[in-house]
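Student: So I've got this file, query25.txt, and it contains compact mmCIF, C-alpha atoms:
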# COMPACT_ATOMS: atom_id res chain seq x y z
CA MET O 430 307.40 -103.75 -220.27
CA THR O 431 305.24 -105.95 -218.03
CA GLU O 432 301.95 -104.59 -216.78
CA GLN O 433 302.22 -103.24 -213.23
CA PRO O 434 299.79 -105.00 -210.83
CA SER O 435 297.35 -102.50 -209.39
CA PRO O 436 296.32 -102.12 -205.74
CA PHE O 437 293.52 -99.80 -206.91
CA GLY O 438 290.91 -102.36 -207.91
CA ASN O 439 289.62 -101.71 -211.43
CA ILE O 440 291.76 -98.55 -211.70
CA SER O 441 295.09 -99.25 -213.38
CA VAL O 442 298.35 -97.90 -212.03
CA GLU O 443 298.69 -95.78 -215.16
CA THR O 444 295.23 -94.24 -214.61
CA PHE O 445 296.02 -93.62 -210.95
CA LEU O 446 299.22 -91.77 -211.84
CA GLN O 447 297.51 -89.70 -214.53
CA GLU O 448 294.33 -88.77 -212.68
CA TYR O 449 295.00 -88.99 -208.94
CA TRP O 450 298.72 -88.81 -208.07
CA GLN O 451 299.34 -85.40 -206.44
CA LYS O 452 295.92 -84.27 -207.71
CA LYS O 453 293.03 -85.66 -205.64
CA PRO O 454 292.26 -88.25 -202.95
CA LEU O 455 291.19 -91.78 -203.80
CA LEU O 456 289.37 -94.34 -201.64
CA ILE O 457 289.74 -98.02 -202.54
CA ARG O 458 287.53 -100.44 -200.65
CA ASN O 459 289.03 -103.85 -199.91
CA ALA O 460 292.33 -102.95 -201.60
CA PHE O 461 294.15 -105.55 -199.46
CA PRO O 462 291.51 -108.16 -198.57
CA ASP O 463 293.96 -110.80 -197.37
CA LEU O 464 296.52 -108.54 -195.73
CA GLU O 465 298.27 -110.09 -192.75
CA ALA O 466 299.69 -107.16 -190.81
CA PRO O 467 303.33 -107.92 -189.92
CA VAL O 468 303.12 -105.84 -186.73
CA GLY O 469 300.37 -105.97 -184.11
CA PRO O 470 299.67 -103.65 -181.16
CA ASP O 471 302.03 -105.41 -178.73
CA GLU O 472 304.90 -105.50 -181.23
CA LEU O 473 304.33 -101.84 -182.05
CA ALA O 474 304.47 -100.89 -178.37
CA GLY O 475 307.67 -102.90 -178.03
CA LEU O 476 309.26 -101.03 -180.95
CA ALA O 477 308.26 -97.72 -179.36
CA CYS O 478 310.35 -98.64 -176.32
CA GLU O 479 313.54 -99.11 -178.36
CA GLU O 480 316.22 -96.40 -178.22
CA ASP O 481 316.80 -96.13 -181.98
CA VAL O 482 313.13 -96.16 -183.01
CA GLU O 483 311.32 -92.88 -183.72
CA ALA O 484 308.00 -92.95 -181.86
CA ARG O 485 305.39 -90.44 -180.67
CA LEU O 486 302.33 -90.41 -178.48
CA VAL O 487 299.55 -87.90 -179.13
CA VAL O 488 296.94 -87.52 -176.38
CA GLN O 489 293.87 -85.32 -176.72
CA ASN O 490 291.82 -83.88 -173.89
CA PRO O 491 288.34 -83.52 -175.46
CA GLU O 492 287.07 -81.39 -172.58
CA ASN O 493 289.25 -78.42 -173.49
CA ASP O 494 290.35 -79.58 -176.97
CA ASP O 495 293.96 -79.56 -175.80
CA TRP O 496 296.71 -81.78 -177.24
CA GLU O 497 299.79 -83.35 -175.67
CA LEU O 498 302.77 -84.72 -177.63
CA GLN O 499 305.34 -87.12 -176.18
CA HIS O 500 308.44 -88.49 -177.91
CA GLY O 501 309.87 -91.96 -177.35
CA PRO O 502 311.50 -94.13 -176.33
CA PHE O 503 308.70 -95.12 -173.97
CA ASN O 504 308.40 -97.76 -171.26
CA GLU O 505 305.69 -99.93 -169.71
CA GLU O 506 304.76 -97.20 -167.24
CA THR O 507 304.05 -94.80 -170.11
CA PHE O 508 301.43 -97.11 -171.59
CA ALA O 509 300.01 -98.05 -168.20
CA GLU O 510 299.30 -94.38 -167.45
CA LEU O 511 297.44 -93.67 -170.71
CA PRO O 512 293.72 -92.82 -170.51
CA GLU O 513 291.17 -95.26 -171.89
CA LYS O 514 290.37 -93.07 -174.90
CA ASN O 515 291.66 -90.31 -177.21
CA TRP O 516 295.31 -91.29 -177.67
CA THR O 517 297.44 -92.43 -180.60
CA LEU O 518 300.82 -94.16 -180.78
CA LEU O 519 302.80 -93.52 -183.98
CA VAL O 520 305.98 -95.39 -184.91
CA GLN O 521 308.06 -94.31 -187.93
CA ALA O 522 310.06 -96.52 -190.29
CA VAL O 523 308.60 -99.80 -189.08
CA ASP O 524 309.88 -101.38 -192.31
CA HIS O 525 313.45 -100.60 -191.15
CA TRP O 526 313.03 -102.88 -188.16
CA VAL O 527 310.55 -105.54 -189.34
CA PRO O 528 311.67 -107.36 -192.51
CA GLU O 529 308.18 -108.80 -193.06
CA ALA O 530 306.84 -105.28 -193.61
CA THR O 531 308.86 -105.06 -196.84
CA ASP O 532 306.25 -107.15 -198.68
CA LEU O 533 303.65 -104.42 -198.18
CA VAL O 534 306.01 -101.64 -199.25
CA GLU O 535 306.86 -103.53 -202.45
CA GLN O 536 303.23 -103.13 -203.56
CA PHE O 537 304.00 -99.46 -204.19
CA ARG O 538 307.15 -99.74 -206.30
CA PHE O 539 305.34 -98.15 -209.23
CA ILE O 540 306.61 -94.97 -207.56
CA PRO O 541 310.41 -94.52 -208.04
CA ASN O 542 312.54 -95.92 -205.21
CA TRP O 543 314.06 -92.55 -204.39
CA ARG O 544 310.64 -91.01 -203.67
CA TYR O 545 309.79 -93.59 -201.00
CA ASP O 546 310.20 -92.51 -197.37
CA ASP O 547 308.99 -95.11 -194.89
CA LEU O 548 306.16 -97.16 -193.42
CA MET O 549 304.60 -95.54 -190.37
CA VAL O 550 302.26 -97.58 -188.19
CA SER O 551 299.78 -96.08 -185.75
CA PHE O 552 297.60 -97.59 -183.04
CA ALA O 553 294.73 -95.57 -181.62
CA SER O 554 292.20 -96.01 -178.85
CA GLN O 555 288.58 -94.93 -179.27
CA GLY O 556 288.56 -91.29 -180.39
CA GLY O 557 292.33 -91.22 -180.95
CA GLY O 558 293.84 -89.09 -183.71
CA VAL O 559 296.30 -86.29 -184.36
CA GLY O 560 293.77 -83.63 -185.37
CA PRO O 561 292.93 -81.95 -188.69
CA HIS O 562 296.19 -81.28 -190.55
CA TYR O 563 297.97 -81.54 -193.88
CA ASP O 564 301.28 -83.10 -194.93
CA ASN O 565 303.83 -82.11 -197.55
CA TYR O 566 304.10 -85.64 -198.89
CA ASP O 567 301.95 -88.32 -200.53
CA VAL O 568 300.59 -91.04 -198.30
CA PHE O 569 298.65 -94.27 -198.71
CA LEU O 570 296.63 -95.06 -195.56
CA ILE O 571 295.83 -98.75 -195.14
CA GLN O 572 293.48 -99.89 -192.40
CA THR O 573 294.66 -103.19 -190.90
CA GLN O 574 292.59 -103.45 -187.72
CA GLY O 575 289.55 -101.73 -186.21
CA LYS O 576 287.87 -98.72 -187.83
CA ARG O 577 288.95 -95.16 -188.54
CA ARG O 578 286.84 -92.26 -189.78
CA TRP O 579 288.64 -90.06 -192.26
CA GLU O 580 287.54 -86.52 -193.04
CA VAL O 581 289.22 -85.15 -196.16
CA GLY O 582 289.19 -81.98 -198.23
CA GLY O 583 290.72 -78.63 -199.12
CA PHE O 584 294.29 -77.62 -200.01
CA PHE O 585 296.50 -75.92 -197.43
CA ASP O 586 300.00 -74.47 -197.23
CA GLN O 587 302.31 -72.57 -194.90
CA ASN O 588 300.09 -69.49 -195.17
CA SER O 589 296.96 -71.32 -194.04
CA PRO O 590 295.65 -70.59 -190.52
CA ARG O 591 296.59 -73.02 -187.78
CA ARG O 592 295.89 -73.19 -184.08
CA PRO O 593 298.64 -71.41 -182.10
CA ASN O 594 300.55 -72.89 -179.20
CA MET O 595 299.80 -76.49 -180.18
CA PRO O 596 302.45 -79.28 -180.09
CA VAL O 597 300.91 -80.70 -183.29
CA MET O 598 299.68 -78.78 -186.32
CA ILE O 599 295.92 -78.29 -186.16
CA ILE O 600 293.83 -76.68 -188.92
CA PRO O 601 291.17 -74.50 -187.24
CA ASP O 602 287.58 -74.03 -188.47
CA TRP O 603 287.94 -76.71 -191.11
CA GLU O 604 285.04 -78.17 -193.05
CA PRO O 605 285.83 -81.51 -194.78
CA GLU O 606 284.52 -82.30 -198.25
CA HIS O 607 284.41 -86.09 -197.78
CA THR O 608 283.91 -88.44 -194.84
CA TRP O 609 284.71 -92.15 -195.06
CA VAL O 610 284.97 -94.91 -192.46
CA LEU O 611 287.75 -97.34 -193.32
CA GLU O 612 287.65 -100.97 -192.27
CA PRO O 613 290.42 -103.62 -192.47
CA GLY O 614 291.72 -103.91 -196.03
CA ASP O 615 290.52 -100.46 -197.14
CA MET O 616 293.02 -97.90 -198.45
CA LEU O 617 292.91 -94.12 -198.82
CA TYR O 618 295.36 -92.06 -200.88
CA ILE O 619 295.98 -88.46 -199.74
CA PRO O 620 297.99 -86.06 -201.96
CA PRO O 621 300.31 -83.42 -200.47
CA GLN O 622 298.70 -80.40 -198.80
CA VAL O 623 295.22 -81.95 -198.74
CA GLY O 624 293.54 -81.51 -195.35
CA HIS O 625 292.66 -84.70 -193.51
CA ASN O 626 291.63 -85.84 -190.07
CA GLY O 627 291.57 -89.47 -188.91
CA VAL O 628 289.64 -90.45 -185.79
CA SER O 629 289.50 -93.97 -184.40
CA GLU O 630 286.02 -95.46 -184.14
CA SER O 631 287.17 -98.51 -182.21
CA ASP O 632 289.52 -99.26 -179.34
CA ASP O 633 291.86 -101.32 -181.52
CA CYS O 634 292.48 -99.09 -184.55
CA MET O 635 295.66 -99.77 -186.53
CA THR O 636 296.61 -97.86 -189.67
CA TYR O 637 299.64 -98.39 -191.90
CA SER O 638 300.88 -95.25 -193.67
CA VAL O 639 303.10 -95.71 -196.73
CA GLY O 640 304.70 -92.28 -197.16
CA PHE O 641 306.58 -90.70 -200.06
CA ARG O 642 308.95 -87.84 -199.46
CA ALA O 643 309.53 -84.75 -201.58
CA PRO O 644 312.64 -82.72 -200.75
CA SER O 645 312.07 -78.99 -200.41
CA HIS O 646 313.64 -76.56 -202.85
CA ALA O 647 315.74 -75.26 -199.96
CA GLU O 648 317.09 -78.77 -199.26
CA ILE O 649 317.82 -79.35 -202.94
CA LEU O 650 319.67 -76.08 -203.44
CA ARG O 651 321.70 -76.32 -200.23
CA SER O 652 322.69 -79.90 -200.89
CA PHE O 653 323.69 -79.33 -204.53
CA THR O 654 325.74 -76.21 -203.85
CA ASP O 655 327.51 -77.99 -200.97
CA PHE O 656 328.22 -80.96 -203.27
CA VAL O 657 329.65 -78.76 -206.03
CA GLY O 658 331.49 -76.45 -203.64
CA GLU O 659 333.40 -79.31 -202.03
CA LYS O 660 334.87 -80.22 -205.43
CA LEU O 661 336.06 -76.71 -206.36
CA THR O 662 339.31 -74.97 -205.54
CA SER O 663 339.90 -71.32 -204.72
CA GLU O 664 341.17 -70.89 -208.30
CA SER O 665 337.63 -71.25 -209.70
CA ARG O 666 336.49 -67.63 -209.72
CA TYR O 667 334.29 -65.07 -211.40
CA THR O 668 335.96 -63.57 -214.50
CA ASP O 669 335.06 -60.64 -216.78
CA PRO O 670 337.71 -60.22 -219.50
CA GLY O 671 335.18 -58.31 -221.62
CA LEU O 672 334.60 -55.66 -218.96
CA ALA O 673 333.48 -52.33 -220.46
CA LEU O 674 333.41 -48.86 -218.98
CA GLN O 675 330.06 -48.01 -217.40
CA ALA O 676 328.57 -44.63 -216.46
CA ASN O 677 328.02 -45.47 -212.78
CA PRO O 678 330.44 -47.84 -211.00
CA GLY O 679 327.72 -48.68 -208.49
CA GLN O 680 325.53 -50.42 -211.06
CA ILE O 681 325.36 -54.22 -211.30
CA GLY O 682 324.75 -54.60 -214.99
CA PRO O 683 322.94 -57.32 -216.97
CA GLU O 684 326.30 -58.62 -218.20
CA ALA O 685 327.36 -59.39 -214.63
CA LEU O 686 324.04 -61.10 -214.00
CA GLN O 687 324.50 -63.25 -217.07
CA GLN O 688 328.06 -64.08 -216.06
CA VAL O 689 326.82 -65.40 -212.70
CA ARG O 690 323.99 -67.26 -214.42
CA ASP O 691 326.56 -68.93 -216.67
CA ILE O 692 328.47 -70.10 -213.62
CA PHE O 693 325.34 -71.82 -212.28
CA ASN O 694 324.52 -73.31 -215.69
CA GLN O 695 328.05 -74.66 -216.02
CA TYR O 696 327.35 -77.07 -213.16
CA LEU O 697 323.65 -77.61 -213.76
CA ASN O 698 324.27 -78.68 -217.37
CA ASP O 699 326.82 -81.29 -216.37
CA ASP O 700 324.52 -84.35 -216.37
CA LYS O 701 327.13 -86.69 -214.96
CA GLN O 702 327.82 -84.46 -211.97
CA LEU O 703 324.15 -83.51 -211.46
CA SER O 704 323.01 -87.14 -211.56
CA GLN O 705 325.73 -88.18 -209.10
CA TRP O 706 324.66 -85.49 -206.66
CA LEU O 707 320.95 -86.34 -207.03
CA GLY O 708 321.48 -90.06 -206.60
CA GLU O 709 323.62 -89.66 -203.49
CA PHE O 710 321.26 -87.02 -202.09
CA VAL O 711 318.02 -88.97 -202.47
CA THR O 712 319.44 -92.32 -201.32
CA ASP O 713 320.98 -90.90 -198.15
CA PRO O 714 319.63 -93.04 -195.27
CA LYS O 715 316.61 -91.81 -193.37
CA TYR O 716 318.61 -92.17 -190.17
CA PRO O 717 322.23 -91.49 -191.24
CA ASP O 718 323.52 -91.59 -187.66
CA LEU O 719 322.60 -95.27 -187.33
CA ASP O 720 325.60 -97.46 -188.16
CA GLN O 721 324.39 -100.33 -190.33
CA SER O 722 327.81 -101.48 -191.53
CA ALA O 723 328.69 -105.16 -191.16
CA ASP O 724 330.05 -106.31 -187.80
CA GLU O 725 332.94 -108.03 -189.56
CA GLU O 726 334.14 -106.98 -192.99
CA ILE O 727 334.55 -109.67 -195.62
CA GLU O 728 336.92 -109.88 -198.59
CA LEU O 729 336.33 -110.98 -202.17
CA ALA O 730 337.95 -114.36 -201.57
CA GLN O 731 335.53 -115.09 -198.72
CA LEU O 732 332.51 -114.31 -200.90
CA GLN O 733 333.89 -116.50 -203.68
CA ALA O 734 334.44 -119.33 -201.20
CA ALA O 735 330.89 -119.02 -199.91
CA LEU O 736 329.54 -119.21 -203.47
CA ALA O 737 331.58 -122.33 -204.07
CA ASP O 738 329.50 -124.00 -201.37
CA GLY O 739 326.20 -123.06 -203.02
CA ASP O 740 323.88 -120.24 -204.06
CA LEU O 741 323.42 -117.23 -201.78
CA LEU O 742 320.19 -115.33 -201.16
CA LEU O 743 321.04 -111.63 -201.09
CA SER O 744 318.62 -109.12 -199.53
CA ARG O 745 318.57 -105.34 -199.44
CA ASN O 746 318.83 -103.96 -195.94
CA GLU O 747 315.31 -102.94 -194.96
CA GLY O 748 316.51 -99.43 -194.12
CA SER O 749 318.60 -99.01 -197.28
CA ARG O 750 317.77 -96.92 -200.34
CA PHE O 751 318.80 -98.07 -203.82
CA SER O 752 318.55 -96.25 -207.16
CA TYR O 753 320.58 -95.96 -210.35
CA TYR O 754 321.19 -93.59 -213.26
CA GLN O 755 321.87 -94.75 -216.83
CA LEU O 756 325.17 -93.21 -217.91
CA GLY O 757 325.47 -95.10 -221.19
CA GLU O 758 324.22 -98.11 -223.10
CA SER O 759 325.83 -100.57 -220.68
CA ILE O 760 327.01 -98.22 -217.93
CA VAL O 761 325.05 -97.20 -214.86
CA ARG O 762 325.86 -95.40 -211.65
CA LEU O 763 324.43 -97.29 -208.70
CA PHE O 764 323.43 -95.35 -205.60
CA ALA O 765 323.08 -97.10 -202.24
CA ASP O 766 322.71 -95.28 -198.95
CA GLY O 767 324.26 -92.06 -200.19
CA LYS O 768 327.23 -93.74 -201.89
CA SER O 769 327.74 -94.17 -205.65
CA PHE O 770 329.35 -96.90 -207.73
CA GLU O 771 329.97 -96.75 -211.48
CA CYS O 772 329.11 -100.12 -213.03
CA SER O 773 329.54 -101.58 -216.50
CA GLY O 774 328.96 -104.88 -218.25
CA VAL O 775 327.59 -107.67 -216.07
CA THR O 776 328.04 -105.46 -212.99
CA CYS O 777 325.50 -103.11 -214.56
CA SER O 778 322.96 -105.96 -214.65
CA LEU O 779 323.64 -106.76 -210.99
CA ALA O 780 323.17 -103.10 -210.01
CA THR O 781 319.81 -102.74 -211.76
CA SER O 782 318.62 -106.07 -210.31
CA LEU O 783 319.39 -104.86 -206.80
CA CYS O 784 317.31 -101.74 -207.43
CA GLN O 785 314.34 -103.68 -208.76
CA ASN O 786 314.20 -106.67 -206.43
CA PRO O 787 314.50 -106.75 -202.62
CA ASN O 788 315.98 -110.26 -202.84
CA ILE O 789 318.15 -111.86 -205.51
CA VAL O 790 319.93 -115.22 -205.72
CA ILE O 791 323.68 -115.12 -206.43
CA ASN O 792 325.13 -118.12 -208.27
CA GLN O 793 328.73 -119.23 -208.65
CA GLY O 794 330.12 -118.29 -212.05
CA GLU O 795 327.24 -115.99 -212.94
CA TRP O 796 328.94 -112.76 -211.94
CA SER O 797 332.36 -111.30 -212.75
CA ASP O 798 334.96 -110.41 -210.12
CA ASP O 799 333.98 -106.74 -210.61
CA ALA O 800 330.36 -107.59 -209.78
CA LEU O 801 331.37 -109.58 -206.73
CA THR O 802 333.67 -106.73 -205.64
CA LEU O 803 330.64 -104.45 -205.73
CA LEU O 804 328.73 -106.94 -203.58
CA VAL O 805 331.58 -107.04 -201.08
CA GLU O 806 331.40 -103.24 -200.74
CA LEU O 807 327.63 -103.32 -200.32
CA LEU O 808 327.86 -106.13 -197.77
CA ASN O 809 330.50 -104.31 -195.74
CA ASN O 810 328.48 -101.08 -195.87
CA GLY O 811 325.44 -102.96 -194.57
CA SER O 812 323.37 -102.04 -197.64
CA VAL O 813 322.74 -105.73 -198.38
CA TYR O 814 323.04 -108.91 -196.35
CA CYS O 815 323.03 -112.67 -196.96
CA GLU O 816 320.42 -114.90 -195.37
With the file now loaded, output its structure as structure tokens.
Tutor:
Amino acid sequence: MTEQPSPFGNISVETFLQEYWQKKPLLIRNAFPDLEAPVGPDELAGLACEEDVEARLVVQNPENDDWELQHGPFNEETFAELPEKNWTLLVQAVDHWVPEATDLVEQFRFIPNWRYDDLMVSFASQGGGVGPHYDNYDVFLIQTQGKRRWEVGGFFDQNSPRRPNMPVMIIPDWEPEHTWVLEPGDMLYIPPQVGHNGVSESDDCMTYSVGFRAPSHAEILRSFTDFVGEKLTSESRYTDPGLALQANPGQIGPEALQQVRDIFNQYLNDDKQLSQWLGEFVTDPKYPDLDQSADEEIELAQLQAALADGDLLLSRNEGSRFSYYQLGESIVRLFADGKSFECSGVTCSLATSLCQNPNIVINQGEWSDDALTLLVELLNNGSVYCE
């Protein structure tokens, strides 16, 4: 196993995971000294005007400590009417729309693919921010332009006080434990449920937020039971052939409880079924309503003909999610955008390569027809594309 390069200075990735991940914040000065931000303020504003892009504007009125939230898409008039200070533009999933942003995201692949959510980019004027709050996910905050003051500290949850009647979540009467001013190249890691408040200290503040999602227990349970339920027939029912006479017919006895528990365990202990559900669940696209399938479907013969003319550079779609589960020594189940594909032999090697590398070169004769058939499906689904 090769050593994972660390973006944490003299702290190794292994040490970060053991001592900081989901435990405590970490500030790394000059983590990305030569970072060339793939998106600037003008490009970010342009993205925020697009119909399919998720964007928000948060404007604070410091005189009465009131907050206003607007959802995109925006237009030129929206930006022209903004005040000089105290506003923030936030654009989600910038990596979905800007291929160059993938290089930054790849620096964090020491976290499993299926935990990654997206790259959010914010631009703030002097004094801009979204207020003291907490998130239910891990985030790496990278300063790319200007300065931002971060106040950090305390753990919060759904039972913690929050200001009522606010369009954004605001923690009231909060006292931070740490205060840091981040400059270009600096990075701050914030674990879930840790209070934080970022305020721009310049009129050109840009922050990149690499976020990692964690599905709620409610989402997990609903999704799994739906997955299992769709595969069952009405003939699969509760049975009690060992039923015994009981003193009170109204009692639900421990035997009945155990019988129901056994029903749950029957499906939970089926690793093949559980892994298929999990892989499809966690690789479901962030925006499933967006159609990313190929404009024109191709067939195996067309791909083979293209390879006959030379090597092909294959890239994962920037908005696609790839993971796999090892079913056997040379068998894996590949998951791509909520779909699953059982792979064996050389196709297994292709599947794992696609999960590990955002770009791979395909050579004539290197892959079997089964492997190329998998590529055809992925190409037609829009999960990968050829340069």
Student: Between stretch 584-669 of chain O and stretch 506-523 of chain O, at 9 Å or less, what are the per-residue closest atom pairs and their distances in Å? Count all atoms listed in the file, order by chain and rising residue number, and return it as CSV.
Tutor:
residue,atom,partner,partner_atom,distance
O:Val628,CA,O:Asn515,CA,8.8
O:Ser629,CA,O:Asn515,CA,8.4
O:Asp632,CA,O:Lys514,CA,7.7
Student: Between atom CA of O:Gly640 and atom CA of O:Val488, what is the distance in Å, rounded to a tenth?
Tutor: 22.7 Å
Student: With distances taken over all atoms listed in the file, which residue among O:Asp463, O:Asp547, O:Glu479, O:Glu580 lies nearest O:Leu617?
Tutor: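 For O:Leu617, the nearest of the given residues is O:Glu580.
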Student: Have a look at atom CA of O:Asp633 and atom CA of O:Gly575 and let me know their distance in Å, one decimal.
Tutor: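 Taking atom CA of O:Asp633 and atom CA of O:Gly575, their separation equals 5.2 Å.
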Student: Interatomic distance between atom CA of O:Arg592 and atom CA of O:Ser554?
Tutor: 23.7 Å
Student: For stretch 567-578 of chain O, supply N, CA and C atoms and report the output as a CSV table (one decimal), keeping the file's coordinate frame.
Tutor:
chain,number,residue,atom,x,y,z
O,567,ASP,N,303.0,-87.4,-200.2
O,567,ASP,CA,302.0,-88.3,-200.5
O,567,ASP,C,301.9,-89.5,-199.5
O,568,VAL,N,300.7,-89.9,-199.3
O,568,VAL,CA,300.6,-91.0,-198.3
O,568,VAL,C,299.4,-92.0,-198.7
O,569,PHE,N,299.7,-93.3,-198.5
O,569,PHE,CA,298.6,-94.3,-198.7
O,569,PHE,C,298.3,-94.8,-197.3
O,570,LEU,N,297.1,-94.7,-196.9
O,570,LEU,CA,296.6,-95.1,-195.6
O,570,LEU,C,295.9,-96.4,-195.7
O,571,ILE,N,296.4,-97.4,-195.0
O,571,ILE,CA,295.8,-98.8,-195.1
O,571,ILE,C,295.3,-99.2,-193.8
O,572,GLN,N,294.1,-99.5,-193.7
O,572,GLN,CA,293.5,-99.9,-192.4
O,572,GLN,C,293.7,-101.4,-192.2
O,573,THR,N,294.3,-101.8,-191.1
O,573,THR,CA,294.7,-103.2,-190.9
O,573,THR,C,293.9,-103.8,-189.7
O,574,GLN,N,293.3,-102.9,-188.9
O,574,GLN,CA,292.6,-103.4,-187.7
O,574,GLN,C,291.7,-102.4,-187.2
O,575,GLY,N,290.5,-102.7,-186.7
O,575,GLY,CA,289.6,-101.7,-186.2
O,575,GLY,C,289.0,-100.8,-187.3
O,576,LYS,N,288.5,-99.7,-186.9
O,576,LYS,CA,287.9,-98.7,-187.8
O,576,LYS,C,288.4,-97.3,-187.6
O,577,ARG,N,288.5,-96.6,-188.7
O,577,ARG,CA,289.0,-95.2,-188.5
O,577,ARG,C,288.1,-94.3,-189.5
O,578,ARG,N,287.6,-93.2,-189.0
O,578,ARG,CA,286.8,-92.3,-189.8
O,578,ARG,C,287.8,-91.2,-190.3
